[in-house]
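Peer 1: Take a look at the following structure, please.
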Amino acid sequence: MRGGLWLIGGLLVASCAAPPDAAEESSAEAGPSFLVVGATLVDGTGAPGRSASVRVVGGRIVEIGDLTPEAGEAVVPAEGRVLAPGFIDSHSHHDGGLLEAPDALAAVSQGITTIVVGQDGGSRFPLADFYDSVSAHPPAVHVASYVGHGSLRREVMGDDFRRPATDAETGAMAALLEEEMRSGALGLSSGLEYDPGIYSTTEEVVALARVAAAEGGRYISHIRSEDRDLGAALDEAIGIGEAAGIPVQISHMKLAMRGLWGRADEFLRRLDEARARGVEVTADVYPYEYWQSTMTVLFPDRDFADRDAARFALEELVSPEGMLIGRFDADPALEGMTLAEIAAERETDPVTAYLALIAESQAHARETGSGGESIVATSMSSGDIARLLAWEHTVVSSDGALDGAHPRGYGTYPRVLGRYVRDEGVLSLEEAVHKMTLKAATQVGLTGRGAILPGAPADLVLFDPSEVADRATPDSPHETSVGIERVWVGGVVVYTEAGGVTGARPGQVLRRGERIRF
């Protein structure tokens, strides 16, 4: 199905055409029925870009090729621009606050038209209620979701999660998962480096992954370690896929420890060897040398008084200068400061300051019920990122949020197109778009999406390949990118670079098993 459908669709594509004369161009804003003329069409399949016009009627692509505007038809002139499928963010947190900010500026301004949420073991529960809310109050983007292993654990085990689940508890989680899958979830996600998933056994995850597999779902995992135990964590994820007979995606794959830098090929060989054995293992990658998570995630034993563990973290995983406080409810004045700056201000050493910040955050949580904290931490090398992006079986993801402290929430896709395609040539334009669209759709199990073909939904992005670039930084993470000129969802314009979000909200819930008829 994955290959044949798109090949048949590709054969329907008409020959290339020259753009119409300027006199024939309409200045009308494109609506559900319009013609894009003169663009370089990069259709998401990986095929070479070509000059073509694309006609959209009623929210679907109906013709591609050498097309002449019809009487009264809205025309979008696109000479010198690339027309691509809207980007499918296979690992997103843009659902946080989406119902309150449905225009989804962070996503649509970088060309994202579909967000895949429920990541790192955390999802809305029950999904049916979340889906109903999205359908009742549509956002600008489409939404699909996994079921979070951690969310199932909390539902069944409550606060008593710091231990392996019993057989009865695993059975109760499996029953909930089966129900969630039948609501249209894409599969099971895990966050095995986080509470409560960190306390689970591999056997528990395998049992749940088998339930997802039986329903035709997939498994995506923030693995147990992205640094000191990366090899073992990858092996566990592969083993889960092999035991459960389910496709596995490694979330935001990275080598987040100085001692691992330069070894990307070694770890990719593990994945290639697993694929050779028949395990369908893939990965997604975001194009930044820094991640965002909690201060506590760097303590695998969860002993937050362990000075040796803190010292190791600050020597091997992130330097004090590279740890930026993104959120700190206990003292918001510290947000935007580095650990090195805080230690200097407090006239103490970074290890002491680090442990003190964790203690302060946890005390604040006990007192107020609101102890949120997060850091943006520089831990990866650009060379490894490039190698991971270039692997045949990786796709692009943002891991970003609408209002996060990490610039990936606003800048991921333009950063790949600008830095890793145009400036460094790590990927060709066609390869990059393929990893952002059809390949991403395939790897999360969304059929009939991610390519510009007759009959497909008109989720589209028009961008300037010579100008597209991210502007968001850790100091200013909410800067919109440049060069993303227009974005359509279901044939409706949701964003223009000149005017920003349009207020249109044509997004839909995308459920596993739904098929687009061509």
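In the structure tokens, the first chain shown is A, the next is B, and so on; residue numbers restart at 1 for each chain, and ligands run from 1 in the order shown.
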Just asking: which residues within stretch 428-479 of chain A are helix (DSSP H, G or I) according to DSSP, as a PDB file with N, CA and C atoms, in the first residue's frame?
Peer 2:
ATOM      1  N   LEU A 429      17.156  19.116  -1.518  1.00  0.00           N
ATOM      2  CA  LEU A 429      15.840  19.676  -1.225  1.00  0.00           C
ATOM      3  C   LEU A 429      14.777  18.578  -1.271  1.00  0.00           C
ATOM      4  N   GLU A 430      14.861  17.710  -2.273  1.00  0.00           N
ATOM      5  CA  GLU A 430      13.861  16.655  -2.411  1.00  0.00           C
ATOM      6  C   GLU A 430      13.929  15.664  -1.256  1.00  0.00           C
ATOM      7  N   GLU A 431      15.153  15.334  -0.809  1.00  0.00           N
ATOM      8  CA  GLU A 431      15.296  14.425   0.325  1.00  0.00           C
ATOM      9  C   GLU A 431      14.703  15.035   1.591  1.00  0.00           C
ATOM     10  N   ALA A 432      15.013  16.301   1.817  1.00  0.00           N
ATOM     11  CA  ALA A 432      14.522  16.958   3.025  1.00  0.00           C
ATOM     12  C   ALA A 432      13.003  17.012   3.033  1.00  0.00           C
ATOM     13  N   VAL A 433      12.402  17.426   1.921  1.00  0.00           N
ATOM     14  CA  VAL A 433      10.942  17.508   1.867  1.00  0.00           C
ATOM     15  C   VAL A 433      10.333  16.122   2.055  1.00  0.00           C
ATOM     16  N   HIS A 434      10.933  15.099   1.462  1.00  0.00           N
ATOM     17  CA  HIS A 434      10.440  13.731   1.646  1.00  0.00           C
ATOM     18  C   HIS A 434      10.436  13.346   3.118  1.00  0.00           C
ATOM     19  N   LYS A 435      11.507  13.713   3.850  1.00  0.00           N
ATOM     20  CA  LYS A 435      11.595  13.394   5.272  1.00  0.00           C
ATOM     21  C   LYS A 435      10.616  14.213   6.106  1.00  0.00           C
ATOM     22  N   MET A 436      10.143  15.324   5.574  1.00  0.00           N
ATOM     23  CA  MET A 436       9.209  16.179   6.289  1.00  0.00           C
ATOM     24  C   MET A 436       7.748  15.857   5.968  1.00  0.00           C
ATOM     25  N   LEU A 438       5.962  12.792   3.116  1.00  0.00           N
ATOM     26  CA  LEU A 438       5.496  11.429   2.877  1.00  0.00           C
ATOM     27  C   LEU A 438       6.188  10.408   3.765  1.00  0.00           C
ATOM     28  N   LYS A 439       7.493  10.519   3.933  1.00  0.00           N
ATOM     29  CA  LYS A 439       8.198   9.570   4.804  1.00  0.00           C
ATOM     30  C   LYS A 439       7.709   9.704   6.240  1.00  0.00           C
ATOM     31  N   ALA A 440       7.489  10.935   6.696  1.00  0.00           N
ATOM     32  CA  ALA A 440       6.964  11.137   8.051  1.00  0.00           C
ATOM     33  C   ALA A 440       5.575  10.528   8.187  1.00  0.00           C
ATOM     34  N   ALA A 441       4.720  10.751   7.190  1.00  0.00           N
ATOM     35  CA  ALA A 441       3.366  10.181   7.232  1.00  0.00           C
ATOM     36  C   ALA A 441       3.423   8.668   7.296  1.00  0.00           C
ATOM     37  N   THR A 442       4.302   8.071   6.498  1.00  0.00           N
ATOM     38  CA  THR A 442       4.439   6.616   6.473  1.00  0.00           C
ATOM     39  C   THR A 442       4.911   6.084   7.812  1.00  0.00           C
ATOM     40  N   GLN A 443       5.879   6.754   8.426  1.00  0.00           N
ATOM     41  CA  GLN A 443       6.461   6.254   9.666  1.00  0.00           C
ATOM     42  C   GLN A 443       5.538   6.391  10.869  1.00  0.00           C
ATOM     43  N   VAL A 444       4.537   7.239  10.803  1.00  0.00           N
ATOM     44  CA  VAL A 444       3.573   7.301  11.901  1.00  0.00           C
ATOM     45  C   VAL A 444       2.263   6.612  11.553  1.00  0.00           C
TER      46      VAL A 444
END
Peer 1: Name all residues at most 6 Å from stretch 68-85 of chain A (count only C-alpha atoms; drop same-chain ones fewer than 2 positions away) and give them as a list in words.
Peer 2: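 What passes the distance filter is Glu25, Ser26, Ala28, Ala30, Phe34, Leu35, Val36, Val37, Gly38, Ala39, Thr40, Leu41, Val42, Asp43, Gly450, Ala451, Ile452, Asp459, Leu460, Val461, Leu462, Phe463 and Asp464 of chain A.
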Peer 1: Which neighbours of A:Met337 fall inside 10 Å, counting only C-alpha atoms, when residues of the same chain fewer than 6 positions from it are skipped, and could you give them as a ChimeraX atom specification?
Peer 2: /A:321,323-326,375,475
Peer 1: Considering only C-alpha atoms, can you say which of A:Val116, A:Val297, A:Leu152, A:Leu357 comes closest to A:Ala330?
Peer 2: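 Selected residue with least distance to A:Ala330: A:Leu357.
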Peer 1: Between A:Arg366, A:Arg163, A:Arg511, A:Arg422, which is the closest to A:Ala128 once you count only C-alpha atoms?
Peer 2: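 Selected residue with least distance to A:Ala128: A:Arg511.
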Peer 1: Can you tell me which residues surround stretch 224-234 of chain A at a distance of at most 10 Å, considering only C-alpha atoms, apart from same-chain residues fewer than 3 positions away, and format the answer as number ranges by chain?
Peer 2: A: 190-194, 197-198, 221, 237-240, 250, 252-260, 266-268, 270-271, 297-298, 300, 313, 316-317, 379-380
Peer 1: Would you write out those residues with C-alpha atoms, as a PDB file, in the first residue's frame?
Peer 2:
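The result, written out as result_31.pdb:
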ATOM      1  CA  SER A 190       6.902   5.695  25.846  1.00  0.00           C
ATOM      2  CA  GLY A 191       9.133   8.027  27.809  1.00  0.00           C
ATOM      3  CA  LEU A 192      11.434   5.584  29.566  1.00  0.00           C
ATOM      4  CA  GLU A 193      13.807   8.286  30.825  1.00  0.00           C
ATOM      5  CA  TYR A 194      10.952  10.036  32.643  1.00  0.00           C
ATOM      6  CA  GLY A 197       7.942   5.145  32.659  1.00  0.00           C
ATOM      7  CA  ILE A 198      11.476   4.920  34.050  1.00  0.00           C
ATOM      8  CA  SER A 221       9.924   5.848  22.220  1.00  0.00           C
ATOM      9  CA  ALA A 237      13.753  -0.346  21.909  1.00  0.00           C
ATOM     10  CA  ILE A 238      14.756  -2.703  19.108  1.00  0.00           C
ATOM     11  CA  GLY A 239      14.010  -5.683  21.349  1.00  0.00           C
ATOM     12  CA  ILE A 240      10.548  -4.351  22.141  1.00  0.00           C
ATOM     13  CA  ILE A 250      13.329   6.317  18.098  1.00  0.00           C
ATOM     14  CA  HIS A 252      14.451  12.761  18.652  1.00  0.00           C
ATOM     15  CA  MET A 253      17.509  10.557  18.242  1.00  0.00           C
ATOM     16  CA  LYS A 254      20.675  12.150  19.566  1.00  0.00           C
ATOM     17  CA  LEU A 255      24.123  11.504  21.029  1.00  0.00           C
ATOM     18  CA  ALA A 256      23.792  13.711  24.091  1.00  0.00           C
ATOM     19  CA  MET A 257      27.153  13.141  25.774  1.00  0.00           C
ATOM     20  CA  ARG A 258      30.585  14.441  24.902  1.00  0.00           C
ATOM     21  CA  GLY A 259      32.073  10.949  25.058  1.00  0.00           C
ATOM     22  CA  LEU A 260      29.679   9.825  22.318  1.00  0.00           C
ATOM     23  CA  GLU A 266      28.296   3.202  15.121  1.00  0.00           C
ATOM     24  CA  PHE A 267      24.793   3.589  16.529  1.00  0.00           C
ATOM     25  CA  LEU A 268      23.171   3.790  13.115  1.00  0.00           C
ATOM     26  CA  ARG A 270      22.867  -1.059  15.224  1.00  0.00           C
ATOM     27  CA  LEU A 271      19.654   0.148  13.668  1.00  0.00           C
ATOM     28  CA  VAL A 297      16.211  13.939  33.868  1.00  0.00           C
ATOM     29  CA  LEU A 298      20.008  13.742  34.121  1.00  0.00           C
ATOM     30  CA  PRO A 300      18.836   8.138  36.187  1.00  0.00           C
ATOM     31  CA  ALA A 313      26.130  15.568  34.342  1.00  0.00           C
ATOM     32  CA  GLU A 316      29.876  15.030  30.355  1.00  0.00           C
ATOM     33  CA  LEU A 317      26.272  15.907  29.529  1.00  0.00           C
ATOM     34  CA  SER A 379      24.721  18.484  24.596  1.00  0.00           C
ATOM     35  CA  MET A 380      25.076  17.472  20.930  1.00  0.00           C
TER      36      MET A 380
END
Peer 1: Which one of A:Ile246, A:Ala356, A:Ala47, A:Leu99 sits closest to A:Val281 if you count only C-alpha atoms?
Peer 2: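 Looking at the shortest contact to A:Val281, the residue is A:Ile246.
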Peer 1: Just to confirm, what's the straight-line distance from atom CA of A:Ser398 to atom CA of A:Tyr286 in Å (one decimal)?
Peer 2: 5.4 Å
Peer 1: List the neighbours of A:Gly322 out to 9 Å using only C-alpha atoms; skip same-chain residues closer than 3 positions along the sequence, and give me the result as a list in words.
Peer 2: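 Non-adjacent residues within range: Tyr290, Val318, Ser319, Thr338, Leu339, Ala340, Val376, Ala377, Thr378 and Ser379 of chain A.
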Peer 1: Restricting the output to N, CA and C atoms, write the selected residues as a tab-separated table (two decimals), in the first residue's frame.
Peer 2:
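Saved as out16.tsv:
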chain	number	residue	atom	x	y	z
A	290	TYR	N	21.02	21.47	21.11
A	290	TYR	CA	20.54	21.56	22.47
A	290	TYR	C	19.13	21.00	22.57
A	318	VAL	N	26.20	18.29	30.01
A	318	VAL	CA	25.93	19.69	29.70
A	318	VAL	C	26.79	20.56	30.62
A	319	SER	N	27.45	21.53	30.06
A	319	SER	CA	28.27	22.41	30.89
A	319	SER	C	27.40	23.41	31.63
A	338	THR	N	21.85	31.15	32.86
A	338	THR	CA	22.52	29.86	32.81
A	338	THR	C	22.86	29.41	34.22
A	339	LEU	N	23.13	28.13	34.37
A	339	LEU	CA	23.55	27.62	35.67
A	339	LEU	C	24.85	28.29	36.11
A	340	ALA	N	25.76	28.54	35.17
A	340	ALA	CA	27.02	29.22	35.52
A	340	ALA	C	26.75	30.60	36.10
A	376	VAL	N	17.08	24.33	28.87
A	376	VAL	CA	17.55	24.13	27.50
A	376	VAL	C	19.04	23.87	27.63
A	377	ALA	N	19.48	22.67	27.21
A	377	ALA	CA	20.83	22.22	27.50
A	377	ALA	C	21.58	21.85	26.23
A	378	THR	N	22.75	22.41	26.05
A	378	THR	CA	23.58	22.11	24.88
A	378	THR	C	24.38	20.84	25.15
A	379	SER	N	24.12	19.80	24.33
A	379	SER	CA	24.72	18.48	24.60
A	379	SER	C	25.13	17.73	23.35
Peer 1: Report the residues of stretch 270-496 of chain A whose backbone DSSP state falls under strand (DSSP E), written as a ChimeraX atom specification.
Peer 2: /A:281-285,290-293,323-328,373-378,394-396,460-463,484-489,492-496
Peer 1: Using only C-alpha atoms, which residues sit within 8 Å of A:Ala469 once same-chain residues fewer than 4 positions away are excluded, as a PDB file with N, CA and C atoms, in the first residue's frame?
Peer 2:
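Heads up, here's the output in selection07.pdb:
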ATOM      1  N   GLY A 411      11.228  27.032  14.827  1.00  0.00           N
ATOM      2  CA  GLY A 411      12.217  27.117  13.761  1.00  0.00           C
ATOM      3  C   GLY A 411      12.688  25.849  13.094  1.00  0.00           C
ATOM      4  N   PRO A 414      12.269  25.315   8.848  1.00  0.00           N
ATOM      5  CA  PRO A 414      13.099  26.269   8.103  1.00  0.00           C
ATOM      6  C   PRO A 414      14.590  26.108   8.397  1.00  0.00           C
ATOM      7  N   ARG A 415      14.956  25.675   9.598  1.00  0.00           N
ATOM      8  CA  ARG A 415      16.370  25.472   9.914  1.00  0.00           C
ATOM      9  C   ARG A 415      16.944  24.336   9.073  1.00  0.00           C
ATOM     10  N   LEU A 417      15.779  23.358   6.116  1.00  0.00           N
ATOM     11  CA  LEU A 417      15.802  23.810   4.724  1.00  0.00           C
ATOM     12  C   LEU A 417      16.892  24.838   4.471  1.00  0.00           C
ATOM     13  N   GLY A 418      17.138  25.686   5.449  1.00  0.00           N
ATOM     14  CA  GLY A 418      18.153  26.720   5.272  1.00  0.00           C
ATOM     15  C   GLY A 418      19.553  26.218   5.535  1.00  0.00           C
ATOM     16  N   ARG A 419      19.786  25.664   6.707  1.00  0.00           N
ATOM     17  CA  ARG A 419      21.148  25.258   7.084  1.00  0.00           C
ATOM     18  C   ARG A 419      21.563  23.938   6.446  1.00  0.00           C
ATOM     19  N   SER A 481      10.005  32.338  11.372  1.00  0.00           N
ATOM     20  CA  SER A 481      11.047  32.168  10.354  1.00  0.00           C
ATOM     21  C   SER A 481      10.785  33.077   9.166  1.00  0.00           C
ATOM     22  N   VAL A 482      11.740  33.116   8.267  1.00  0.00           N
ATOM     23  CA  VAL A 482      11.580  33.852   7.017  1.00  0.00           C
ATOM     24  C   VAL A 482      11.527  32.849   5.869  1.00  0.00           C
ATOM     25  N   GLY A 483      10.861  33.248   4.800  1.00  0.00           N
ATOM     26  CA  GLY A 483      10.838  32.444   3.590  1.00  0.00           C
ATOM     27  C   GLY A 483       9.684  31.468   3.485  1.00  0.00           C
TER      28      GLY A 483
END
Peer 1: When you count only C-alpha atoms, which of these residues is closest to A:Tyr219: A:Gly445, A:Ala333, A:Ala172, A:Tyr413?
Peer 2: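 Of A:Gly445, A:Ala333, A:Ala172, A:Tyr413, the one nearest A:Tyr219 is A:Gly445, counting only C-alpha atoms.
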Peer 1: Which residue is closest to A:Val205? Choose from A:Ala283, A:Thr368, A:Asp160, A:Gly121 and count only C-alpha atoms.
Peer 2: A:Gly121
Peer 1: Might you pull out every residue within 12 Å of A:Ala140, with only C-alpha atoms counted and same-chain residues fewer than 4 positions away left off, and present them as number ranges by chain?
Peer 2: A: 94-95, 98-109, 111-115, 134-135, 459, 487-495, 501-509
Peer 1: Using only C-alpha atoms, please write the residues we just selected to a file, as an mmCIF file, in the first residue's frame.
Peer 2:
data_model
loop_
_atom_site.group_PDB
_atom_site.id
_atom_site.type_symbol
_atom_site.label_atom_id
_atom_site.label_comp_id
_atom_site.auth_asym_id
_atom_site.auth_seq_id
_atom_site.Cartn_x
_atom_site.Cartn_y
_atom_site.Cartn_z
ATOM 1 C CA HIS A 94 2.285 21.793 19.864
ATOM 2 C CA ASP A 95 -0.992 20.512 21.358
ATOM 3 C CA LEU A 98 -3.770 24.462 21.264
ATOM 4 C CA LEU A 99 -7.418 24.818 22.242
ATOM 5 C CA GLU A 100 -6.621 28.224 23.774
ATOM 6 C CA ALA A 101 -4.358 29.301 20.875
ATOM 7 C CA PRO A 102 -5.884 27.454 17.898
ATOM 8 C CA ASP A 103 -4.111 29.559 15.271
ATOM 9 C CA ALA A 104 -0.965 27.568 16.167
ATOM 10 C CA LEU A 105 1.429 30.285 15.009
ATOM 11 C CA ALA A 106 4.538 28.359 16.062
ATOM 12 C CA ALA A 107 3.581 25.424 13.853
ATOM 13 C CA VAL A 108 2.012 27.004 10.775
ATOM 14 C CA SER A 109 4.660 29.719 10.465
ATOM 15 C CA GLY A 111 5.057 25.133 7.327
ATOM 16 C CA ILE A 112 3.675 22.443 9.647
ATOM 17 C CA THR A 113 0.142 21.364 8.746
ATOM 18 C CA THR A 114 -0.124 18.176 10.870
ATOM 19 C CA ILE A 115 1.098 17.666 14.433
ATOM 20 C CA VAL A 134 -10.486 19.362 18.771
ATOM 21 C CA SER A 135 -13.415 18.592 16.464
ATOM 22 C CA ASP A 459 -2.158 20.624 2.802
ATOM 23 C CA VAL A 487 0.554 27.675 4.138
ATOM 24 C CA TRP A 488 -2.707 25.920 3.317
ATOM 25 C CA VAL A 489 -4.544 23.309 5.388
ATOM 26 C CA GLY A 490 -7.302 21.540 3.480
ATOM 27 C CA GLY A 491 -6.987 24.153 0.759
ATOM 28 C CA VAL A 492 -7.546 27.033 3.197
ATOM 29 C CA VAL A 493 -4.832 29.620 3.805
ATOM 30 C CA VAL A 494 -3.871 29.564 7.492
ATOM 31 C CA TYR A 495 -0.658 31.623 7.322
ATOM 32 C CA VAL A 501 -2.042 33.782 10.805
ATOM 33 C CA THR A 502 -5.327 34.291 8.986
ATOM 34 C CA GLY A 503 -7.692 33.073 11.684
ATOM 35 C CA ALA A 504 -8.860 30.167 9.521
ATOM 36 C CA ARG A 505 -9.040 26.907 11.461
ATOM 37 C CA PRO A 506 -9.623 23.993 9.109
ATOM 38 C CA GLY A 507 -7.670 21.412 11.108
ATOM 39 C CA GLN A 508 -9.102 17.953 11.657
ATOM 40 C CA VAL A 509 -8.473 14.978 13.891
#
Peer 1: Ranking A:Val248, A:Ala175, A:Leu208, A:Leu67 by minimum distance to A:Ile223 and counting only C-alpha atoms, which one comes first?
Peer 2: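 Looking only at the distances to A:Ile223, the closest residue turns out to be A:Val248.
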Peer 1: Which distance in Å separates atom CA of A:Thr447 and atom CA of A:Met181, to one decimal?
Peer 2: 16.4 Å
